[in-house]
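Peer 1: Let me begin by handing over the structure; questions about it come next.
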Amino acid sequence: MTLLIIRHGQSEADILKIHEGRADFSLTDVGEKEADLLSEYIQQHWNVQKIYASPLRRTQGVAEKLSAATGADITYDDDLMEWNNGMLAGHAFGYIEKNYPDADTNPAKYGIEDKESFRERASGVLHRIIDAHTDAGDDCCVAIVTHGGMINELYQELTGAPIGSTTFFGTTDTGIHEWKITKDRTLVVHANLSAHLTDAVQAEREANEHLQVSYFAGGCFWCITPIFKLYKAKKSLCGYSGGSEVNPTYMDVKKQKTSHRETIAVEYDPAKVSYEKLVDIFLANVDPFDKDGQFIDRGHSYTLAIYYTCQKEKEIAEKKIAELEASSGKKVYIALEAFRNFYEAETYHQDYYLKNPEAFEKELEESGRKAK
């Protein structure tokens with residue numbers, strides 16, 4: 001049989017510079033294009049009959065496109081998910097090193113999957129998939145859509161490398177590994193094949209990685225998502241930030257069962273719009289004098305916050321808040337906190353104003369935010 005092992009495309013975590021692992025992020029626009037090119041390439045070169053995939057959004061997006069191109073059914077398997085990084089998931093680069101310095105030496109303390117368990121999981125799912133297609137013949141072609149860490153672990157299992165080996169088998173986004181499996185041996189035909197990726201997509205990917213991201217909690221994230229796009233921000237991503245819970249759900253955040261706030265991650269090109277302008281936009285579209293929520297949305301998760309990612313952002317936000325207090329003569333209730341984490345909200349929340357324009361307008365009217 002032929003086994004194609006495929007990594008997902010660029011995800012939002014790549015732009016946000018966040019530790020991903022089990023944090024569930026979707027594909028970026030570039031990641032979607034990478035997945036389209038991958039699917040077309042595989043459809044032209046192999047006859048895929050079955051797809052197995054991790055259920056996380058970034059792998060699910062690739063698997064669905066591959067299924068549409070090949071007609072192959074998908075089975076989602078939790079054992080194909082990325083290494084479980086426990087409490088580290090969703091945290092900003094640099095935050096882990098400063099706040100969880102013993103994460104490598106004491107993984108259980110942070111709910112992190114140990115190396116032995118990760119290898120056992122990789123071994124189990126690999127042999128289970130191979131055994132399911134042993135009698136299908138040499139023409140059988142199966143695709144696995146998973147994550148970089150899991151692909152490395154599958155290689156470690158294949159080669160019999162010791163657990164904790166320092167050799168790492170890397171995979172670019174949507175990279176393809178082709179294995180030919182017989183009763184006698186496994187032949188690695190291609191490793192990290194990326195012939196499907198065009199120069200244009202590669203250039204767009206590199207441009208994405210130079211975007212900056214700022215984080216604002218402004219009450220209901222449906223309502224403030226479109227505001228930043230009007231002022232040349234590339235994307236506004238709905239999510240949850242500031243709390244201690246990993247992978248919070250909308251209902252838990254909404255019902256005040258977490259310490260997170262509804263938050264917007266604003267991806268922007270600083271050559272087109274400044275951080276100072278983004279803060280101005282934010283202040284103009286919230287009620288900064290409300291300490292208990294925003295408009296009809298009440299509770300901690302709807303209170304205001306600016307999560308700064310550097311000292312310069314902190315100073316700009318402090319200056320803007322001080323100016324507003326001076327000009328209004330009122331106390332401004334906006335928490336100013338160092339950015340620590342972000343978890344992408346469920347898919348139906350993203351671009352809600354475009355998916356549900358009538359419901360969105362109703363929300364603006366009834367909340368009183370439209371008058372603002």
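So you can find residues: chains in the structure tokens are A, B, ... in the order shown, residues in each start at 1, and ligands are numbered from 1 in order.
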Give the strand (DSSP E or B) residues of range 9-58 of chain A, as assigned by DSSP on the backbone, as a list in words.

Peer 2: Ser11, Ile18, Leu27, Lys50, Ile51, Tyr52 and Ala53 of chain A

Peer 1: Just the residues within 9 Å of Phe289 in chain A, please, counting only C-alpha atoms, with nothing from its chain fewer than 3 positions along; format it as an MDAnalysis selection string.

Peer 2: chainID A and resid 286 330:334

Peer 1: Those residues you just picked out, can you put them in a file as a PDB file, in the first residue's frame with N, CA, C and O atoms?

Peer 2:
```
ATOM      1  N   VAL A 286     -16.309  51.760  21.956  1.00  0.00           N
ATOM      2  CA  VAL A 286     -16.713  51.128  23.207  1.00  0.00           C
ATOM      3  C   VAL A 286     -17.176  52.216  24.176  1.00  0.00           C
ATOM      4  O   VAL A 286     -17.012  53.408  23.921  1.00  0.00           O
ATOM      5  N   LYS A 330     -13.694  61.773  33.656  1.00  0.00           N
ATOM      6  CA  LYS A 330     -14.278  60.540  34.181  1.00  0.00           C
ATOM      7  C   LYS A 330     -13.202  59.448  34.305  1.00  0.00           C
ATOM      8  O   LYS A 330     -12.191  59.487  33.608  1.00  0.00           O
ATOM      9  N   LYS A 331     -13.495  58.477  35.161  1.00  0.00           N
ATOM     10  CA  LYS A 331     -12.631  57.318  35.297  1.00  0.00           C
ATOM     11  C   LYS A 331     -12.849  56.368  34.123  1.00  0.00           C
ATOM     12  O   LYS A 331     -13.981  56.023  33.780  1.00  0.00           O
ATOM     13  N   VAL A 332     -11.760  55.943  33.487  1.00  0.00           N
ATOM     14  CA  VAL A 332     -11.828  54.990  32.384  1.00  0.00           C
ATOM     15  C   VAL A 332     -11.566  53.590  32.925  1.00  0.00           C
ATOM     16  O   VAL A 332     -10.574  53.358  33.628  1.00  0.00           O
ATOM     17  N   TYR A 333     -12.467  52.677  32.612  1.00  0.00           N
ATOM     18  CA  TYR A 333     -12.345  51.303  33.098  1.00  0.00           C
ATOM     19  C   TYR A 333     -11.890  50.379  31.968  1.00  0.00           C
ATOM     20  O   TYR A 333     -12.683  49.652  31.368  1.00  0.00           O
ATOM     21  N   ILE A 334     -10.624  50.456  31.666  1.00  0.00           N
ATOM     22  CA  ILE A 334     -10.014  49.576  30.666  1.00  0.00           C
ATOM     23  C   ILE A 334      -8.794  48.921  31.310  1.00  0.00           C
ATOM     24  O   ILE A 334      -7.837  49.614  31.668  1.00  0.00           O
TER      25      ILE A 334
END
```

Peer 1: Between A:Ala326, A:Ile163, A:Leu126, A:Ile306, single out the one closest to Gly242 in chain A, counting only C-alpha atoms.

Peer 2: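 Looking only at the distances to Gly242 in chain A, the closest residue turns out to be A:Ile306.
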
Peer 1: Between A:Ala284, A:Ala53, A:Cys220, A:Ala322, which is the closest to Met150 in chain A once you count only C-alpha atoms?

Peer 2: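 Closest candidate: A:Ala53.
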
Peer 1: Using DSSP on the backbone, list every residue of range 218-347 of chain A that comes out as alpha helix (DSSP H), and give them as a ChimeraX atom specification.

Peer 2: /A:221-229,250-254,275-284,311-328

Peer 1: When you look at Glu32 in chain A with a cut-off of 10 Å (counting only C-alpha atoms), what residues show up, excluding the ones that are within fewer than 5 positions of it in the same chain? I need them as a ChimeraX atom specification.

Peer 2: /A:8-11,26-27,37-38,58,61-62,65

Peer 1: Using only C-alpha atoms, which protein or nucleic acid residues come within 12 Å of Lys183 in chain A? Drop anything in the same chain fewer than 5 positions from it, and give the result as a PDB file with C-alpha atoms, in the first residue's frame.

Peer 2:
```pdb
ATOM      1  CA  MET A   1       0.000   0.000   0.000  1.00  0.00           C
ATOM      2  CA  ILE A 130      -1.798  -0.078   8.238  1.00  0.00           C
ATOM      3  CA  ASP A 131      -3.552  -3.184   9.576  1.00  0.00           C
ATOM      4  CA  HIS A 133      -5.613  -1.888   4.770  1.00  0.00           C
ATOM      5  CA  THR A 134      -3.214  -4.850   4.785  1.00  0.00           C
ATOM      6  CA  ASP A 135      -5.370  -6.909   2.434  1.00  0.00           C
ATOM      7  CA  GLY A 137      -3.416  -4.725  -2.320  1.00  0.00           C
ATOM      8  CA  ASP A 138      -0.480  -2.770  -3.685  1.00  0.00           C
TER       9      ASP A 138
END
```

Peer 1: Contacts of His45 in chain A at 12 Å or less, counting only C-alpha atoms, minus same-chain residues fewer than 4 places along, as a PyMOL selection string?

Peer 2: chain A and resi 2+4+38-41+69-70+141+176+178+195-196

Peer 1: So, counting only C-alpha atoms, which residue among A:Lys277, A:Arg340, A:Ile321, A:Cys223 is closest to Asn99 in chain A?

Peer 2: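 When distances to Asn99 in chain A are compared using only C-alpha atoms, the smallest one comes from A:Arg340.
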
Peer 1: CA of Ser301 in chain A to CA of Glu262 in chain A: how many Å, to one decimal?

Peer 2: 5.8 Å

Peer 1: Please list as a list in words every residue within 9 Å of range 253-258 of chain A, counting only C-alpha atoms and excluding residues in the same chain fewer than 2 positions away.

Peer 2: Tyr240, Gly243, Ser244, Glu245, Pro248, Thr249, Tyr250, Met251, His260, Arg261, Glu262, Gly299, His300, Ser301 and Tyr302 of chain A

Peer 1: Counting only C-alpha atoms, figure out which residue out of A:Glu12, A:Glu337, A:Glu153, A:Asp78 gets nearest to Tyr215 in chain A.

Peer 2: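 When distances to Tyr215 in chain A are compared using only C-alpha atoms, the smallest one comes from A:Glu337.
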
Peer 1: Just give me the gap between CA of Glu64 in chain A and CA of Thr225 in chain A in Å, one decimal is fine.

Peer 2: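 Atom-to-atom, CA of Glu64 in chain A to CA of Thr225 in chain A, that is 26.7 Å.
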
Peer 1: Mind giving me the straight-line distance from CA of Leu237 in chain A to CA of Ala207 in chain A in Å, one decimal?

Peer 2: 17.9 Å

Peer 1: Using only C-alpha atoms, which residues sit within 6 Å of Thr146 in chain A once same-chain residues fewer than 6 positions away are excluded, as a ChimeraX atom specification?

Peer 2: /A:7,53-54,59,80

Peer 1: So that I have them on file, write out the residues from the current selection with N, CA, C and O atoms, as a PDB file, in the first residue's frame.

Peer 2:
```pdb
ATOM      1  N   ARG A   7       1.117  17.206   6.387  1.00  0.00           N
ATOM      2  CA  ARG A   7       0.959  18.202   7.443  1.00  0.00           C
ATOM      3  C   ARG A   7      -0.067  19.253   7.010  1.00  0.00           C
ATOM      4  O   ARG A   7      -0.233  19.521   5.818  1.00  0.00           O
ATOM      5  N   ALA A  53      -7.586  11.665   9.605  1.00  0.00           N
ATOM      6  CA  ALA A  53      -7.149  13.020   9.962  1.00  0.00           C
ATOM      7  C   ALA A  53      -7.356  13.312  11.436  1.00  0.00           C
ATOM      8  O   ALA A  53      -8.263  12.768  12.087  1.00  0.00           O
ATOM      9  N   SER A  54      -6.519  14.179  11.944  1.00  0.00           N
ATOM     10  CA  SER A  54      -6.729  14.771  13.259  1.00  0.00           C
ATOM     11  C   SER A  54      -7.972  15.667  13.193  1.00  0.00           C
ATOM     12  O   SER A  54      -8.194  16.344  12.186  1.00  0.00           O
ATOM     13  N   THR A  59      -6.165  20.766  10.628  1.00  0.00           N
ATOM     14  CA  THR A  59      -6.055  19.528   9.854  1.00  0.00           C
ATOM     15  C   THR A  59      -7.390  19.188   9.191  1.00  0.00           C
ATOM     16  O   THR A  59      -7.423  18.682   8.065  1.00  0.00           O
ATOM     17  N   LEU A  80      -4.478  11.064  16.182  1.00  0.00           N
ATOM     18  CA  LEU A  80      -3.646  11.795  15.220  1.00  0.00           C
ATOM     19  C   LEU A  80      -3.457  13.256  15.608  1.00  0.00           C
ATOM     20  O   LEU A  80      -2.782  14.008  14.903  1.00  0.00           O
TER      21      LEU A  80
END
```

Peer 1: Counting only C-alpha atoms, which of A:Gln212, A:Ala191, A:Phe342, A:Gly21 gets nearest to Trp179 in chain A?

Peer 2: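 The shortest atom-to-atom distance to Trp179 in chain A comes from A:Ala191.
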
Peer 1: Nearest to Asn247 in chain A among A:Asn356, A:Asn85, A:Gln294, A:Ser367, with distances taken over only C-alpha atoms: which residue is it?

Peer 2: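 Result for the nearest residue to Asn247 in chain A: A:Asn85.
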
Peer 1: Could I get the residues of range 270-306 of chain A with an atom no further than 9 Å from an atom of range 228-233 of chain A, each paired with its nearest atom pair and that distance in Å to one decimal, using only C-alpha atoms, sorted by chain and residue number, as JSON lines?

Peer 2:
```
{"residue": "A:Lys272", "atom": "CA", "partner": "A:Lys232", "partner_atom": "CA", "distance": 6.7}
{"residue": "A:Val273", "atom": "CA", "partner": "A:Lys232", "partner_atom": "CA", "distance": 6.5}
{"residue": "A:Lys277", "atom": "CA", "partner": "A:Tyr231", "partner_atom": "CA", "distance": 8.7}
{"residue": "A:Leu278", "atom": "CA", "partner": "A:Phe228", "partner_atom": "CA", "distance": 7.2}
{"residue": "A:Ile281", "atom": "CA", "partner": "A:Phe228", "partner_atom": "CA", "distance": 7.1}
{"residue": "A:Phe282", "atom": "CA", "partner": "A:Phe228", "partner_atom": "CA", "distance": 8.1}
```
